[in-house]
$ cat start-v7.cif   # mmCIF, C-alpha atoms
data_coords
loop_
_atom_site.group_PDB
_atom_site.id
_atom_site.type_symbol
_atom_site.label_atom_id
_atom_site.label_comp_id
_atom_site.auth_asym_id
_atom_site.auth_seq_id
_atom_site.Cartn_x
_atom_site.Cartn_y
_atom_site.Cartn_z
ATOM 1 C CA MET X 1 22.284 11.153 18.910
ATOM 2 C CA THR X 2 22.205 7.400 19.579
ATOM 3 C CA LEU X 3 18.549 7.610 20.533
ATOM 4 C CA GLU X 4 17.834 9.326 17.228
ATOM 5 C CA TYR X 5 19.405 6.479 15.261
ATOM 6 C CA ILE X 6 17.511 3.878 17.277
ATOM 7 C CA LEU X 7 14.207 5.678 16.615
ATOM 8 C CA PHE X 8 15.219 6.115 12.981
ATOM 9 C CA ALA X 9 15.811 2.356 12.581
ATOM 10 C CA LEU X 10 12.600 1.607 14.515
ATOM 11 C CA ILE X 11 10.506 3.716 12.162
ATOM 12 C CA ILE X 12 11.886 2.052 9.028
ATOM 13 C CA VAL X 13 12.163 -1.553 10.196
ATOM 14 C CA VAL X 14 9.148 -1.718 12.514
ATOM 15 C CA GLY X 15 6.897 0.421 10.311
ATOM 16 C CA THR X 16 7.592 -1.516 7.133
ATOM 17 C CA GLY X 17 7.761 -4.773 9.103
ATOM 18 C CA GLY X 18 4.254 -4.106 10.428
ATOM 19 C CA GLU X 19 2.942 -3.675 6.887
ATOM 20 C CA LEU X 20 4.728 -6.873 5.860
ATOM 21 C CA CYS X 21 2.985 -8.715 8.730
ATOM 22 C CA LEU X 22 -0.314 -7.327 7.402
ATOM 23 C CA GLY X 23 0.651 -8.722 3.993
ATOM 24 C CA ARG X 24 1.437 -12.103 5.531
ATOM 25 C CA ALA X 25 -1.934 -12.162 7.282
ATOM 26 C CA MET X 26 -3.794 -11.272 4.086
ATOM 27 C CA LYS X 27 -1.981 -13.952 2.086
ATOM 28 C CA GLN X 28 -3.171 -16.472 4.695
ATOM 29 C CA THR X 29 -6.689 -15.053 4.650
ATOM 30 C CA GLY X 30 -7.085 -15.666 0.940
ATOM 31 C CA GLU X 31 -7.978 -13.525 -2.023
ATOM 32 C CA LEU X 32 -10.968 -11.174 -2.218
ATOM 33 C CA GLU X 33 -13.165 -12.816 -4.831
ATOM 34 C CA LYS X 34 -15.740 -10.099 -5.477
ATOM 35 C CA PHE X 35 -16.548 -6.568 -4.364
ATOM 36 C CA SER X 36 -19.737 -7.206 -2.442
ATOM 37 C CA PRO X 37 -20.026 -5.763 1.103
ATOM 38 C CA SER X 38 -20.620 -9.253 2.527
ATOM 39 C CA ALA X 39 -17.511 -10.652 0.801
ATOM 40 C CA VAL X 40 -15.389 -7.767 2.118
ATOM 41 C CA ILE X 41 -16.739 -8.125 5.678
ATOM 42 C CA THR X 42 -16.274 -11.901 5.644
ATOM 43 C CA LEU X 43 -12.681 -11.526 4.434
ATOM 44 C CA LEU X 44 -11.834 -8.860 7.040
ATOM 45 C CA GLY X 45 -13.433 -10.977 9.779
ATOM 46 C CA ARG X 46 -11.268 -13.912 8.726
ATOM 47 C CA ALA X 47 -8.192 -11.658 8.654
ATOM 48 C CA LEU X 48 -8.783 -10.509 12.252
ATOM 49 C CA ARG X 49 -8.399 -14.108 13.411
ATOM 50 C CA VAL X 50 -4.868 -14.351 11.977
ATOM 51 C CA LYS X 51 -2.204 -13.561 14.591
ATOM 52 C CA TRP X 52 0.007 -11.726 12.072
ATOM 53 C CA ILE X 53 -2.545 -8.942 11.757
ATOM 54 C CA TRP X 54 -2.235 -8.091 15.456
ATOM 55 C CA ILE X 55 1.580 -8.296 15.351
ATOM 56 C CA GLY X 56 1.435 -5.979 12.329
ATOM 57 C CA VAL X 57 -0.910 -3.471 13.983
ATOM 58 C CA ALA X 58 1.261 -3.406 17.141
ATOM 59 C CA MET X 59 4.393 -2.784 15.054
ATOM 60 C CA MET X 60 2.738 -0.053 12.979
ATOM 61 C CA ALA X 61 1.564 1.678 16.180
ATOM 62 C CA THR X 62 5.111 1.464 17.640
ATOM 63 C CA ALA X 63 6.535 3.038 14.473
ATOM 64 C CA PHE X 64 3.894 5.778 14.551
ATOM 65 C CA PHE X 65 4.680 6.785 18.140
ATOM 66 C CA SER X 66 8.436 6.602 17.441
ATOM 67 C CA LEU X 67 7.828 9.033 14.567
ATOM 68 C CA LEU X 68 5.938 11.414 16.872
ATOM 69 C CA LEU X 69 8.735 11.193 19.457
ATOM 70 C CA LEU X 70 11.436 11.828 16.840
ATOM 71 C CA LEU X 71 9.462 14.755 15.388
ATOM 72 C CA SER X 72 9.332 16.321 18.853
ATOM 73 C CA PHE X 73 13.114 16.931 18.924
ATOM 74 C CA GLU X 74 14.181 16.659 15.300
ATOM 75 C CA ASP X 75 13.136 18.586 12.202
ATOM 76 C CA VAL X 76 11.432 16.901 9.259
ATOM 77 C CA SER X 77 14.621 16.532 7.155
ATOM 78 C CA PHE X 78 15.119 12.971 8.390
ATOM 79 C CA VAL X 79 11.861 12.023 6.652
ATOM 80 C CA VAL X 80 13.773 11.800 3.339
ATOM 81 C CA PRO X 81 15.905 8.737 4.125
ATOM 82 C CA VAL X 82 12.989 7.170 6.027
ATOM 83 C CA THR X 83 10.637 7.229 3.028
ATOM 84 C CA ALA X 84 13.321 6.148 0.545
ATOM 85 C CA LEU X 85 14.680 3.308 2.691
ATOM 86 C CA SER X 86 11.221 1.952 3.506
ATOM 87 C CA TYR X 87 10.775 0.946 -0.161
ATOM 88 C CA LEU X 88 14.081 -0.968 -0.093
ATOM 89 C CA VAL X 89 13.203 -2.665 3.218
ATOM 90 C CA GLY X 90 9.714 -3.410 1.847
ATOM 91 C CA ALA X 91 11.046 -5.115 -1.279
ATOM 92 C CA LEU X 92 13.590 -7.175 0.714
ATOM 93 C CA GLY X 93 10.882 -8.127 3.210
ATOM 94 C CA GLY X 94 8.602 -9.120 0.326
ATOM 95 C CA ILE X 95 11.305 -11.487 -0.942
ATOM 96 C CA PHE X 96 12.548 -13.002 2.323
ATOM 97 C CA PHE X 97 9.464 -12.805 4.577
ATOM 98 C CA LEU X 98 6.617 -13.252 2.087
ATOM 99 C CA GLY X 99 8.370 -15.350 -0.584
ATOM 100 C CA GLU X 100 7.575 -12.923 -3.397
ATOM 101 C CA ARG X 101 9.601 -12.883 -6.591
ATOM 102 C CA VAL X 102 10.847 -9.393 -7.386
ATOM 103 C CA SER X 103 11.913 -9.289 -11.025
ATOM 104 C CA TRP X 104 14.529 -6.863 -12.380
ATOM 105 C CA GLN X 105 11.695 -4.851 -13.913
ATOM 106 C CA ARG X 106 10.040 -4.437 -10.514
ATOM 107 C CA TRP X 107 13.415 -3.488 -8.968
ATOM 108 C CA ILE X 108 13.800 -0.723 -11.577
ATOM 109 C CA GLY X 109 10.295 0.490 -10.755
ATOM 110 C CA ILE X 110 11.019 0.476 -7.007
ATOM 111 C CA ALA X 111 14.308 2.377 -7.538
ATOM 112 C CA LEU X 112 12.533 5.014 -9.652
ATOM 113 C CA VAL X 113 9.786 5.386 -7.038
ATOM 114 C CA CYS X 114 12.505 5.902 -4.366
ATOM 115 C CA VAL X 115 14.137 8.651 -6.451
ATOM 116 C CA GLY X 116 10.794 10.295 -7.233
ATOM 117 C CA VAL X 117 9.567 10.243 -3.636
ATOM 118 C CA THR X 118 12.910 11.674 -2.443
ATOM 119 C CA LEU X 119 12.606 14.568 -4.925
ATOM 120 C CA VAL X 120 9.009 15.221 -3.849
ATOM 121 C CA VAL X 121 9.959 15.263 -0.153
ATOM 122 C CA ILE X 122 13.065 17.479 -0.507
ATOM 123 C CA SER X 123 11.228 19.973 -2.762
ATOM 124 C CA ARG X 124 8.784 20.863 0.005
ATOM 125 C CA MET J 1 -2.053 -27.329 -26.508
ATOM 126 C CA GLU J 2 0.627 -25.265 -24.893
ATOM 127 C CA ARG J 3 0.305 -24.644 -21.210
ATOM 128 C CA GLY J 4 0.852 -21.050 -20.212
ATOM 129 C CA GLY J 5 1.598 -21.497 -16.550
ATOM 130 C CA VAL J 6 0.148 -21.134 -13.101
ATOM 131 C CA LEU J 7 -0.875 -18.074 -11.181
ATOM 132 C CA SER J 8 -2.032 -19.812 -8.036
ATOM 133 C CA GLY J 9 -3.262 -23.287 -7.265
ATOM 134 C CA ARG J 10 -6.484 -22.465 -9.058
ATOM 135 C CA LEU J 11 -5.644 -19.994 -11.758
ATOM 136 C CA HIS J 12 -4.194 -21.409 -14.929
ATOM 137 C CA LEU J 13 -3.681 -19.820 -18.270
ATOM 138 C CA ASN J 14 -4.090 -21.796 -21.394
ATOM 139 C CA THR J 15 -2.242 -19.668 -23.899
ATOM 140 C CA SER J 16 -3.748 -21.331 -26.910
ATOM 141 C CA VAL J 17 -7.289 -20.465 -25.834
ATOM 142 C CA SER J 18 -7.222 -16.833 -24.767
ATOM 143 C CA LEU J 19 -4.919 -14.249 -23.282
ATOM 144 C CA CYS J 20 -5.322 -11.827 -20.423
ATOM 145 C CA ARG J 21 -6.550 -8.507 -21.790
ATOM 146 C CA VAL J 22 -4.274 -6.508 -19.515
ATOM 147 C CA CYS J 23 -0.883 -8.176 -19.821
ATOM 148 C CA SER J 24 -1.505 -10.630 -22.687
ATOM 149 C CA GLY J 25 -0.742 -13.410 -20.230
ATOM 150 C CA ALA J 26 2.890 -13.397 -21.279
ATOM 151 C CA ARG J 27 4.069 -12.755 -17.749
ATOM 152 C CA LEU J 28 1.914 -15.398 -16.142
ATOM 153 C CA CYS J 29 4.466 -18.228 -16.297
ATOM 154 C CA GLN J 30 6.163 -17.684 -12.962
ATOM 155 C CA ARG J 31 5.824 -21.024 -11.276
ATOM 156 C CA ARG J 32 8.553 -23.432 -12.184
ATOM 157 C CA SER J 33 6.535 -26.614 -12.128
ATOM 158 C CA CYS J 34 2.878 -27.098 -12.902
ATOM 159 C CA THR J 35 1.216 -30.236 -11.645
ATOM 160 C CA MET J 36 -2.422 -29.548 -12.481
ATOM 161 C CA ASN J 37 -4.077 -31.209 -15.439
ATOM 162 C CA GLU J 38 -6.787 -29.940 -17.779
ATOM 163 C CA ALA J 39 -9.595 -31.440 -15.697
ATOM 164 C CA GLN J 40 -8.465 -29.533 -12.624
ATOM 165 C CA LEU J 41 -8.600 -26.198 -14.378
ATOM 166 C CA GLY J 42 -12.265 -25.756 -13.595
ATOM 167 C CA SER J 43 -15.007 -24.029 -15.487
ATOM 168 C CA VAL J 44 -13.844 -20.423 -15.153
ATOM 169 C CA ALA J 45 -11.869 -19.225 -18.134
ATOM 170 C CA PRO J 46 -8.341 -18.736 -16.730
ATOM 171 C CA ALA J 47 -7.543 -15.666 -18.801
ATOM 172 C CA GLN J 48 -10.705 -14.031 -17.516
ATOM 173 C CA MET J 49 -9.637 -14.761 -13.918
ATOM 174 C CA HIS J 50 -6.246 -13.316 -14.726
ATOM 175 C CA THR J 51 -7.746 -10.097 -16.089
ATOM 176 C CA ARG J 52 -9.870 -9.831 -12.949
ATOM 177 C CA LEU J 53 -6.760 -10.089 -10.776
ATOM 178 C CA HIS J 54 -5.260 -7.062 -12.553
ATOM 179 C CA LEU J 55 -8.464 -5.030 -12.414
ATOM 180 C CA LYS J 56 -9.052 -5.799 -8.721
ATOM 181 C CA THR J 57 -5.482 -4.714 -7.917
ATOM 182 C CA TYR J 58 -5.806 -1.466 -9.905
ATOM 183 C CA PHE J 59 -9.149 -0.626 -8.340
ATOM 184 C CA LEU J 60 -7.943 -1.200 -4.749
ATOM 185 C CA ILE J 61 -4.725 0.780 -5.299
ATOM 186 C CA ALA J 62 -6.815 3.605 -6.819
ATOM 187 C CA VAL J 63 -8.999 3.647 -3.678
ATOM 188 C CA MET J 64 -5.838 3.803 -1.485
ATOM 189 C CA VAL J 65 -4.333 6.614 -3.562
ATOM 190 C CA VAL J 66 -7.504 8.730 -3.385
ATOM 191 C CA ALA J 67 -8.665 8.007 0.188
ATOM 192 C CA GLY J 68 -5.275 8.248 1.984
ATOM 193 C CA PRO J 69 -4.275 11.822 1.007
ATOM 194 C CA ILE J 70 -7.848 13.151 1.321
ATOM 195 C CA GLY J 71 -8.114 11.613 4.808
ATOM 196 C CA ASN J 72 -4.822 13.180 5.935
ATOM 197 C CA LEU J 73 -5.871 16.532 4.476
ATOM 198 C CA LEU J 74 -9.235 16.495 6.287
ATOM 199 C CA ILE J 75 -7.654 15.545 9.624
ATOM 200 C CA ALA J 76 -4.993 18.271 9.252
ATOM 201 C CA LYS J 77 -7.781 20.755 8.474
ATOM 202 C CA ALA J 78 -9.812 19.695 11.512
ATOM 203 C CA MET J 79 -6.780 19.993 13.799
ATOM 204 C CA LYS J 80 -5.855 23.453 12.470
ATOM 205 C CA GLN J 81 -9.369 24.757 13.069
ATOM 206 C CA THR J 82 -8.782 24.426 16.812
ATOM 207 C CA GLY J 83 -5.723 26.660 16.861
ATOM 208 C CA PRO J 84 -2.844 26.032 19.299
ATOM 209 C CA ILE J 85 -3.722 23.353 21.835
ATOM 210 C CA LYS J 86 -3.582 24.219 25.535
ATOM 211 C CA TYR J 87 -2.890 21.169 27.693
ATOM 212 C CA TRP J 88 -3.573 22.735 31.055
ATOM 213 C CA PRO J 89 -5.962 22.976 32.880
ATOM 214 C CA PRO J 90 -7.553 19.638 31.819
ATOM 215 C CA SER J 91 -10.880 21.375 31.210
ATOM 216 C CA ASP J 92 -9.233 23.263 28.324
ATOM 217 C CA LEU J 93 -7.957 20.014 26.817
ATOM 218 C CA LEU J 94 -11.433 18.539 27.109
ATOM 219 C CA HIS J 95 -12.812 21.599 25.372
ATOM 220 C CA VAL J 96 -10.353 21.153 22.476
ATOM 221 C CA PHE J 97 -11.183 17.437 22.325
ATOM 222 C CA LEU J 98 -14.922 18.122 22.119
ATOM 223 C CA HIS J 99 -14.345 20.842 19.529
ATOM 224 C CA VAL J 100 -12.230 18.567 17.287
ATOM 225 C CA PHE J 101 -14.478 15.523 17.545
ATOM 226 C CA GLY J 102 -17.614 17.617 17.230
ATOM 227 C CA SER J 103 -16.632 18.706 13.723
ATOM 228 C CA PHE J 104 -17.809 16.870 10.643
ATOM 229 C CA THR J 105 -14.358 17.265 9.063
ATOM 230 C CA ILE J 106 -12.547 14.967 11.488
ATOM 231 C CA TRP J 107 -15.093 12.175 11.061
ATOM 232 C CA ALA J 108 -14.909 12.485 7.272
ATOM 233 C CA GLY J 109 -11.094 12.245 7.596
ATOM 234 C CA ILE J 110 -11.299 9.190 9.862
ATOM 235 C CA ALA J 111 -13.739 7.541 7.421
ATOM 236 C CA CYS J 112 -11.255 8.169 4.569
ATOM 237 C CA LEU J 113 -8.362 6.657 6.546
ATOM 238 C CA ILE J 114 -10.444 3.578 7.451
ATOM 239 C CA THR J 115 -11.280 3.228 3.749
ATOM 240 C CA PHE J 116 -7.543 3.507 3.027
ATOM 241 C CA ILE J 117 -6.484 0.778 5.462
ATOM 242 C CA VAL J 118 -9.290 -1.572 4.348
ATOM 243 C CA ALA J 119 -8.333 -1.065 0.678
ATOM 244 C CA PHE J 120 -4.680 -1.688 1.643
ATOM 245 C CA MET J 121 -5.562 -4.965 3.374
ATOM 246 C CA LEU J 122 -7.759 -6.088 0.472
ATOM 247 C CA ALA J 123 -5.021 -5.143 -2.019
ATOM 248 C CA LEU J 124 -2.541 -7.269 -0.047
ATOM 249 C CA SER J 125 -4.992 -10.178 -0.230
ATOM 250 C CA VAL J 126 -4.875 -9.945 -4.035
ATOM 251 C CA ALA J 127 -1.354 -8.739 -4.884
ATOM 252 C CA ASP J 128 2.256 -8.754 -3.623
ATOM 253 C CA TYR J 129 3.410 -6.315 -0.949
ATOM 254 C CA SER J 130 6.372 -5.439 -3.193
ATOM 255 C CA TYR J 131 3.811 -4.442 -5.860
ATOM 256 C CA VAL J 132 1.274 -2.573 -3.710
ATOM 257 C CA GLN J 133 3.727 -0.565 -1.553
ATOM 258 C CA PRO J 134 5.609 1.202 -4.387
ATOM 259 C CA ALA J 135 2.433 1.563 -6.488
ATOM 260 C CA ALA J 136 0.776 3.352 -3.557
ATOM 261 C CA ALA J 137 3.425 6.087 -4.010
ATOM 262 C CA LEU J 138 0.945 7.460 -6.558
ATOM 263 C CA GLY J 139 -0.541 9.024 -3.419
ATOM 264 C CA TYR J 140 2.176 11.703 -3.787
ATOM 265 C CA VAL J 141 0.709 12.568 -7.189
ATOM 266 C CA MET J 142 -2.714 12.871 -5.584
ATOM 267 C CA ILE J 143 -1.306 15.149 -2.834
ATOM 268 C CA ALA J 144 0.234 17.449 -5.469
ATOM 269 C CA LEU J 145 -2.988 17.562 -7.501
ATOM 270 C CA LEU J 146 -5.029 18.304 -4.363
ATOM 271 C CA GLY J 147 -2.543 21.064 -3.480
ATOM 272 C CA VAL J 148 -2.843 22.696 -6.900
ATOM 273 C CA PHE J 149 -6.556 22.313 -7.589
ATOM 274 C CA VAL J 150 -8.125 22.374 -4.105
ATOM 275 C CA LEU J 151 -5.747 24.397 -1.933
ATOM 276 C CA GLY J 152 -4.371 26.636 -4.705
ATOM 277 C CA GLU J 153 -0.743 25.934 -3.774
ATOM 278 C CA LYS J 154 2.247 26.385 -6.049
ATOM 279 C CA VAL J 155 4.162 23.214 -6.871
ATOM 280 C CA SER J 156 7.857 23.613 -7.744
ATOM 281 C CA PRO J 157 9.430 22.150 -10.931
ATOM 282 C CA LEU J 158 11.547 19.788 -8.790
ATOM 283 C CA HIS J 159 8.346 18.515 -7.187
ATOM 284 C CA TRP J 160 6.795 17.876 -10.634
ATOM 285 C CA ALA J 161 10.008 16.103 -11.709
ATOM 286 C CA GLY J 162 9.708 13.811 -8.686
ATOM 287 C CA ILE J 163 6.076 13.097 -9.559
ATOM 288 C CA ALA J 164 7.003 12.258 -13.166
ATOM 289 C CA ILE J 165 9.695 9.825 -11.927
ATOM 290 C CA ILE J 166 7.192 8.193 -9.511
ATOM 291 C CA CYS J 167 4.762 7.693 -12.419
ATOM 292 C CA LEU J 168 7.543 6.196 -14.548
ATOM 293 C CA GLY J 169 8.516 3.848 -11.708
ATOM 294 C CA VAL J 170 4.920 2.742 -11.157
ATOM 295 C CA SER J 171 4.557 2.046 -14.895
ATOM 296 C CA PHE J 172 7.541 -0.344 -14.606
ATOM 297 C CA ILE J 173 5.916 -2.049 -11.596
ATOM 298 C CA ARG J 174 2.614 -2.266 -13.466
ATOM 299 C CA GLY J 175 4.415 -4.334 -16.099
ATOM 300 C CA THR J 176 5.241 -7.042 -13.544
ATOM 301 C CA HIS J 177 2.794 -9.689 -12.427
ATOM 302 C CA PRO J 178 0.774 -8.454 -9.404
ATOM 303 C CA ARG J 179 1.066 -11.735 -7.532
ATOM 304 C CA THR J 180 4.037 -14.086 -7.506
ATOM 305 C CA THR J 181 3.002 -16.197 -4.512
ATOM 306 C CA GLU J 182 0.347 -18.835 -4.255
ATOM 307 C CA ASN J 183 -2.577 -19.156 -1.900
ATOM 308 C CA PRO J 184 -1.680 -21.602 0.867
ATOM 309 C CA ASP J 185 -5.104 -23.267 0.737
#
$ encode --input "start-v7.cif" --output "structure tokens"
Amino acid sequence: MTLEYILFALIIVVGTGGELCLGRAMKQTGELEKFSPSAVITLLGRALRVKWIWIGVAMMATAFFSLLLLLSFEDVSFVVPVTALSYLVGALGGIFFLGERVSWQRWIGIALVCVGVTLVVISR
Amino acid sequence: MERGGVLSGRLHLNTSVSLCRVCSGARLCQRRSCTMNEAQLGSVAPAQMHTRLHLKTYFLIAVMVVAGPIGNLLIAKAMKQTGPIKYWPPSDLLHVFLHVFGSFTIWAGIACLITFIVAFMLALSVADYSYVQPAAALGYVMIALLGVFVLGEKVSPLHWAGIAIICLGVSFIRGTHPRTTENPD
């Protein structure tokens, strides 16, 4: 039971944290200016030299294998809180790790997305 | 002339000249202090830059929403074609491996997922994580549409209700400014 909770927390915190690290790397890389193949390749090449991208990829891989491990002895019902909580963790990470400003309007949107995703997942 | 505000170090909006076509520029004033003068604004019309920021974000999120679910669907299809996997003896596993990676479906799925992750990274270079992550929940809408129109599945009313609420939530997020941080350079 304890192992389940540890894996559960790993999937939410490490999975979303990995995406946040990707966000941090891309903010350092700079904005995509135009949609030409050379501009995209140049930007991605620059991104691969930022350490946060590798921290992010490692964390996302950890979360993925934790999910596989949890799925091997638990049914899919735990997916509901995982998907809903990841939006909350993502918004908090955006504020405190990336310095984003989340307005009340965006909070309402995030809350509605949480509710909607939960309904979609439980209706399967 | 009234100064509208700052989007990043480079992007300014001069409200008296023109407004962003997408959000009317009203939500651009997010930085508390603006230190740049008219001469530093550059030659590009700020409102035009601002519109481009919105359109780039929408386009990249649209690519994520389409490519992600299709990629997952193709990979699931390729894995199901093999039937139950036998892990022993190793020659059987090798046979399964060759069968899976010999199919066109798996490579099409992998290509879709690479497209997804690249679009995700590019979207994060343009917009906030707290904007892109919830907006990408539109992928659930795509999954439902694929289920109905491609796989011929039935979708329950509760499922449709969830999809309607996701769309409502994303419309709220769309009303916020895509990027509230500045480029460090």
$ interface_residues --input "start-v7.cif" --of "chain X" --to "chain J" --cutoff "7 Å" --atoms "only C-alpha atoms" --output "VMD selection string"
chain X and resid 20 23 26 to 28 30 to 32 87 90 to 91 94 99 to 101 105 to 106 108 to 110 112 to 113 116 to 117 119 to 120 123
$ axis_aligned_box --input "start-v7.cif" --around "segment 79-91 of chain X" --padding-each-side "6 Å" --output "JSON"
{"center_x": 12.8, "center_y": 3.5, "center_z": 2.7, "size_x": 18.2, "size_y": 29.1, "size_z": 19.9}
$ residues_near_point --input "start-v7.cif" --point "(11.0, -1.0, 10.1)" --cutoff "12 Å" --atoms "all atoms listed in the file" --output "PyMOL selection string"
chain X and resi 6-21+56+59-64+66-67+82-83+85-90+92-93
$ atom_distance --input "start-v7.cif" --atom1 "atom CA of Gly152 of chain J" --atom2 "atom CA of Cys112 of chain J"
21.8 Å
$ atom_distance --input "start-v7.cif" --atom1 "atom CA of Phe97 of chain X" --atom2 "atom CA of Ile53 of chain X"
14.5 Å
$ residues_around --input "start-v7.cif" --residues "Asn72 of chain J" --least-positions-apart "4" --cutoff "9 Å" --atoms "only C-alpha atoms" --output "list in words"
Ala67, Gly68, Ala76, Lys77, Gly109, Ile110, Cys112 and Leu113 of chain J
$ atom_distance --input "start-v7.cif" --atom1 "atom CA of Trp107 of chain J" --atom2 "atom CA of Lys154 of chain J"
28.2 Å
